[in-house]
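Below: the structure, in structure tokens.
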Amino acid sequence: MKTTIRNLSWQIPFGSTLIVTLVMAAMATVDAAPGGRHPRVREVNRRFENQQDRIAAGVKSGQLTAKETANLETKEAALKSEERTFRLENNGHLTRGEQITLNKQENNLSAQIYSQKHDAQTTNTTPKSEVGARFENQQDRIAEGIKSGQLTATEAARLEARETALHNQIATDRNANGGKLTDAERTQINAELNGLSTRIYRQKHDDQTQQH
């Protein structure tokens, strides 16, 4: 599976379209280039994919909250971007020094994944309320998208940031009403969950995928 970059030329002034198109094509070529089969690239990508699997498992099990996941996936996205920049400068390859740099950062992120999966913050995987059940269902769908590669780290980070905002909104509403949601609040939350559900579907089925 390769990472595909969307054509963004429609968002760019006419005079810049050619430059942007060439840059996007170069970035896509890096992921598809023979350099992707180089041992150093394979090793770095294997570690990245392993960490994505660990994050997905943490989301699925409830060990990672939406906020923790958003934070981890933002860092995963930054690492992936750094790797892509290195490879653009080296005809699709990684130098030994670049591999060492990326591995050090992956070591740090690996420790953070472990720490956040084993701290006191968890998500209830068996909620009793309708809203809670929908929230959990969406977390499961995000977890599946991370594990399958249908969601990039950037997409997952954005979705989880939105899940966090919704979760905080629910908590605020309940605190203001003795632990319950009013009918109006429940209707509003469900509408927002509908919107997020659509966004999850679209991002899992768009042309951006995480390299495996």
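Ligands are numbered from 1 in the order shown, residues from 1 within each chain, and chains are lettered A, B, ... in the order they appear in the structure tokens.
If you count only C-alpha atoms and ignore residues fewer than 2 places along the chain from Lys67 in chain A, what sits within 10 Å of it is Leu64, Thr65, Thr69, Ala70, Asn71, Leu72, Glu73, Gln121, Ala157, Glu160, Ala161, Arg162, Glu163, Thr164, Ala165 and His167 of chain A.
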>> Show me, as a list in words, the residues that have an atom within 12 Å of Leu181 in chain A when counting only C-alpha atoms, minus same-chain residues fewer than 4 positions from it.
In response: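 Answer for this query is Ser129, Glu130, Val131, Gly132, Gln169, Ile170, Ala171, Thr172, Asp173, Arg174, Asn175, Ala176, Asn177, Glu185, Arg186, Thr187, Gln188, Ile189 and Asn190 of chain A.
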Find the nearest atom pair between each residue of range 49-91 of chain A and range 138-143 of chain A for residues within 10 Å, count only C-alpha atoms, give distances in Å to one decimal, sort rows by chain and ascending number, and present the table as JSON lines.
{"residue": "A:Gln52", "atom": "CA", "partner": "A:Ala143", "partner_atom": "CA", "distance": 9.4}
{"residue": "A:Asp53", "atom": "CA", "partner": "A:Ala143", "partner_atom": "CA", "distance": 8.8}
{"residue": "A:Arg54", "atom": "CA", "partner": "A:Ala143", "partner_atom": "CA", "distance": 9.9}
{"residue": "A:Ile55", "atom": "CA", "partner": "A:Ala143", "partner_atom": "CA", "distance": 7.8}
{"residue": "A:Ala56", "atom": "CA", "partner": "A:Ala143", "partner_atom": "CA", "distance": 4.5}
{"residue": "A:Ala57", "atom": "CA", "partner": "A:Ala143", "partner_atom": "CA", "distance": 7.0}
{"residue": "A:Gly58", "atom": "CA", "partner": "A:Ala143", "partner_atom": "CA", "distance": 8.2}
{"residue": "A:Val59", "atom": "CA", "partner": "A:Ala143", "partner_atom": "CA", "distance": 5.7}
{"residue": "A:Lys60", "atom": "CA", "partner": "A:Asp140", "partner_atom": "CA", "distance": 5.4}
{"residue": "A:Ser61", "atom": "CA", "partner": "A:Asp140", "partner_atom": "CA", "distance": 8.8}
{"residue": "A:Gly62", "atom": "CA", "partner": "A:Gln139", "partner_atom": "CA", "distance": 8.8}
{"residue": "A:Thr65", "atom": "CA", "partner": "A:Gln139", "partner_atom": "CA", "distance": 9.2}
{"residue": "A:Ala66", "atom": "CA", "partner": "A:Gln139", "partner_atom": "CA", "distance": 7.8}
{"residue": "A:Thr69", "atom": "CA", "partner": "A:Ala143", "partner_atom": "CA", "distance": 9.8}
>> Can you tell me, as an NGL selection string, which residues in range 5-206 of chain A count as helix (DSSP H, G or I) by DSSP?
In response: :A and (9-11 or 14-32 or 34-37 or 39-61 or 66-88 or 96-117 or 130-148 or 153-176 or 183-204)
Output file for the residues above (C-alpha atoms, as a compact mmCIF listing (two decimals), in the first residue's frame):
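And here's result_12.txt as it stands now:
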# COMPACT_ATOMS: atom_id res chain seq x y z
CA SER A 9 -3.99 22.47 -7.55
CA TRP A 10 -7.52 23.83 -7.33
CA GLN A 11 -6.59 25.56 -4.06
CA PHE A 14 -2.77 29.64 -11.28
CA GLY A 15 0.89 30.70 -11.45
CA SER A 16 1.85 28.25 -8.69
CA THR A 17 -0.06 25.22 -9.96
CA LEU A 18 2.85 23.66 -11.85
CA ILE A 19 5.25 23.96 -8.91
CA VAL A 20 2.78 22.43 -6.47
CA THR A 21 1.94 19.62 -8.89
CA LEU A 22 5.62 18.77 -9.32
CA VAL A 23 6.22 18.79 -5.54
CA MET A 24 3.22 16.55 -4.89
CA ALA A 25 4.33 14.18 -7.64
CA ALA A 26 7.82 14.02 -6.14
CA MET A 27 6.44 13.20 -2.68
CA ALA A 28 4.25 10.44 -4.07
CA THR A 29 7.19 9.08 -6.07
CA VAL A 30 9.29 8.78 -2.90
CA ASP A 31 6.86 6.28 -1.40
CA ALA A 32 6.64 4.28 -4.62
CA PRO A 34 12.69 1.45 -5.43
CA GLY A 35 14.37 3.14 -2.43
CA GLY A 36 11.33 2.02 -0.44
CA ARG A 37 12.76 -1.49 -0.63
CA PRO A 39 16.85 -2.19 4.14
CA ARG A 40 17.11 1.06 6.13
CA VAL A 41 13.79 2.34 4.76
CA ARG A 42 12.10 -1.00 5.41
CA GLU A 43 13.40 -1.09 8.98
CA VAL A 44 12.19 2.44 9.77
CA ASN A 45 8.80 1.79 8.17
CA ARG A 46 8.42 -1.53 10.02
CA ARG A 47 8.90 0.27 13.32
CA PHE A 48 6.47 2.99 12.32
CA GLU A 49 3.86 0.41 11.34
CA ASN A 50 4.38 -1.50 14.59
CA GLN A 51 3.75 1.67 16.57
CA GLN A 52 0.61 2.37 14.57
CA ASP A 53 -0.62 -1.13 15.41
CA ARG A 54 0.10 -0.54 19.11
CA ILE A 55 -1.82 2.75 19.04
CA ALA A 56 -4.73 1.07 17.25
CA ALA A 57 -4.78 -1.68 19.88
CA GLY A 58 -4.76 0.94 22.64
CA VAL A 59 -7.70 2.78 21.10
CA LYS A 60 -9.64 -0.46 20.66
CA SER A 61 -9.00 -1.64 24.22
CA ALA A 66 -9.00 10.16 22.28
CA LYS A 67 -6.79 12.97 23.61
CA GLU A 68 -3.82 10.65 24.14
CA THR A 69 -4.31 9.15 20.68
CA ALA A 70 -4.46 12.57 19.03
CA ASN A 71 -1.19 13.52 20.71
CA LEU A 72 0.56 10.29 19.69
CA GLU A 73 -0.71 10.40 16.13
CA THR A 74 0.42 14.01 15.73
CA LYS A 75 3.93 12.89 16.65
CA GLU A 76 3.68 9.88 14.33
CA ALA A 77 2.69 12.20 11.48
CA ALA A 78 5.67 14.47 12.19
CA LEU A 79 8.03 11.47 12.10
CA LYS A 80 6.57 10.26 8.81
CA SER A 81 6.96 13.74 7.34
CA GLU A 82 10.59 13.89 8.47
CA GLU A 83 11.31 10.50 6.88
CA ARG A 84 9.72 11.65 3.62
CA THR A 85 11.87 14.81 3.63
CA PHE A 86 15.04 12.76 4.15
CA ARG A 87 14.12 10.44 1.30
CA LEU A 88 13.31 13.30 -1.06
CA ARG A 96 22.78 5.62 8.02
CA GLY A 97 22.74 8.86 10.02
CA GLU A 98 19.11 9.57 9.07
CA GLN A 99 18.10 6.05 10.07
CA ILE A 100 19.76 6.55 13.46
CA THR A 101 18.01 9.92 13.92
CA LEU A 102 14.60 8.44 13.09
CA ASN A 103 15.16 5.40 15.30
CA LYS A 104 16.02 7.59 18.30
CA GLN A 105 12.78 9.50 17.82
CA GLU A 106 10.83 6.27 17.38
CA ASN A 107 12.38 4.97 20.62
CA ASN A 108 11.10 8.04 22.46
CA LEU A 109 7.66 7.73 20.91
CA SER A 110 7.55 4.00 21.68
CA ALA A 111 8.15 4.80 25.35
CA GLN A 112 5.36 7.38 25.28
CA ILE A 113 2.96 4.87 23.73
CA TYR A 114 3.75 2.39 26.49
CA SER A 115 3.43 5.02 29.23
CA GLN A 116 0.10 6.34 27.98
CA LYS A 117 -1.33 2.86 27.46
CA GLU A 130 -26.64 5.76 23.79
CA VAL A 131 -24.22 8.66 23.32
CA GLY A 132 -21.44 6.75 25.06
CA ALA A 133 -22.05 3.69 22.89
CA ARG A 134 -21.86 5.80 19.72
CA PHE A 135 -18.64 7.40 20.92
CA GLU A 136 -17.12 3.98 21.56
CA ASN A 137 -18.25 2.72 18.16
CA GLN A 138 -16.49 5.62 16.48
CA GLN A 139 -13.33 4.94 18.45
CA ASP A 140 -13.43 1.35 17.21
CA ARG A 141 -13.80 2.53 13.62
CA ILE A 142 -10.84 4.88 14.01
CA ALA A 143 -8.78 2.06 15.54
CA GLU A 144 -9.60 -0.18 12.57
CA GLY A 145 -8.64 2.60 10.16
CA ILE A 146 -5.28 3.13 11.86
CA LYS A 147 -4.49 -0.59 11.87
CA SER A 148 -5.53 -1.15 8.24
CA ALA A 153 -1.46 9.43 11.22
CA THR A 154 -2.50 12.98 10.30
CA GLU A 155 -6.10 11.96 9.60
CA ALA A 156 -6.27 9.94 12.82
CA ALA A 157 -4.89 12.85 14.85
CA ARG A 158 -7.54 15.22 13.48
CA LEU A 159 -10.39 12.77 14.07
CA GLU A 160 -9.25 12.08 17.62
CA ALA A 161 -8.91 15.79 18.35
CA ARG A 162 -12.56 16.18 17.32
CA GLU A 163 -13.54 13.15 19.43
CA THR A 164 -11.77 14.79 22.39
CA ALA A 165 -13.69 18.04 21.90
CA LEU A 166 -16.99 16.14 21.78
CA HIS A 167 -16.10 14.12 24.86
CA ASN A 168 -15.30 17.34 26.76
CA GLN A 169 -18.58 18.87 25.61
CA ILE A 170 -20.51 15.85 26.87
CA ALA A 171 -18.72 16.00 30.24
CA THR A 172 -19.45 19.73 30.58
CA ASP A 173 -23.13 19.27 29.74
CA ARG A 174 -23.50 16.41 32.21
CA ASN A 175 -21.74 18.29 34.99
CA ALA A 176 -24.17 21.15 34.51
CA ASP A 183 -33.06 16.21 25.45
CA ALA A 184 -31.74 19.27 23.59
CA GLU A 185 -28.14 18.47 24.51
CA ARG A 186 -28.56 14.86 23.47
CA THR A 187 -30.00 15.94 20.11
CA GLN A 188 -27.10 18.32 19.55
CA ILE A 189 -24.46 15.76 20.51
CA ASN A 190 -26.04 13.14 18.24
CA ALA A 191 -26.00 15.59 15.34
CA GLU A 192 -22.31 16.25 15.92
CA LEU A 193 -21.61 12.52 16.19
CA ASN A 194 -23.42 12.07 12.86
CA GLY A 195 -21.11 14.63 11.30
CA LEU A 196 -18.03 12.98 12.75
CA SER A 197 -19.22 9.56 11.62
CA THR A 198 -19.44 10.86 8.06
CA ARG A 199 -15.96 12.35 8.34
CA ILE A 200 -14.53 9.04 9.59
CA TYR A 201 -16.10 7.22 6.64
CA ARG A 202 -14.81 9.72 4.09
CA GLN A 203 -11.27 9.76 5.44
CA LYS A 204 -11.15 5.97 5.59
> So how many Å separate CA of Lys180 in chain A and CA of Thr122 in chain A, to one decimal?
Replying inline: 20.7 Å
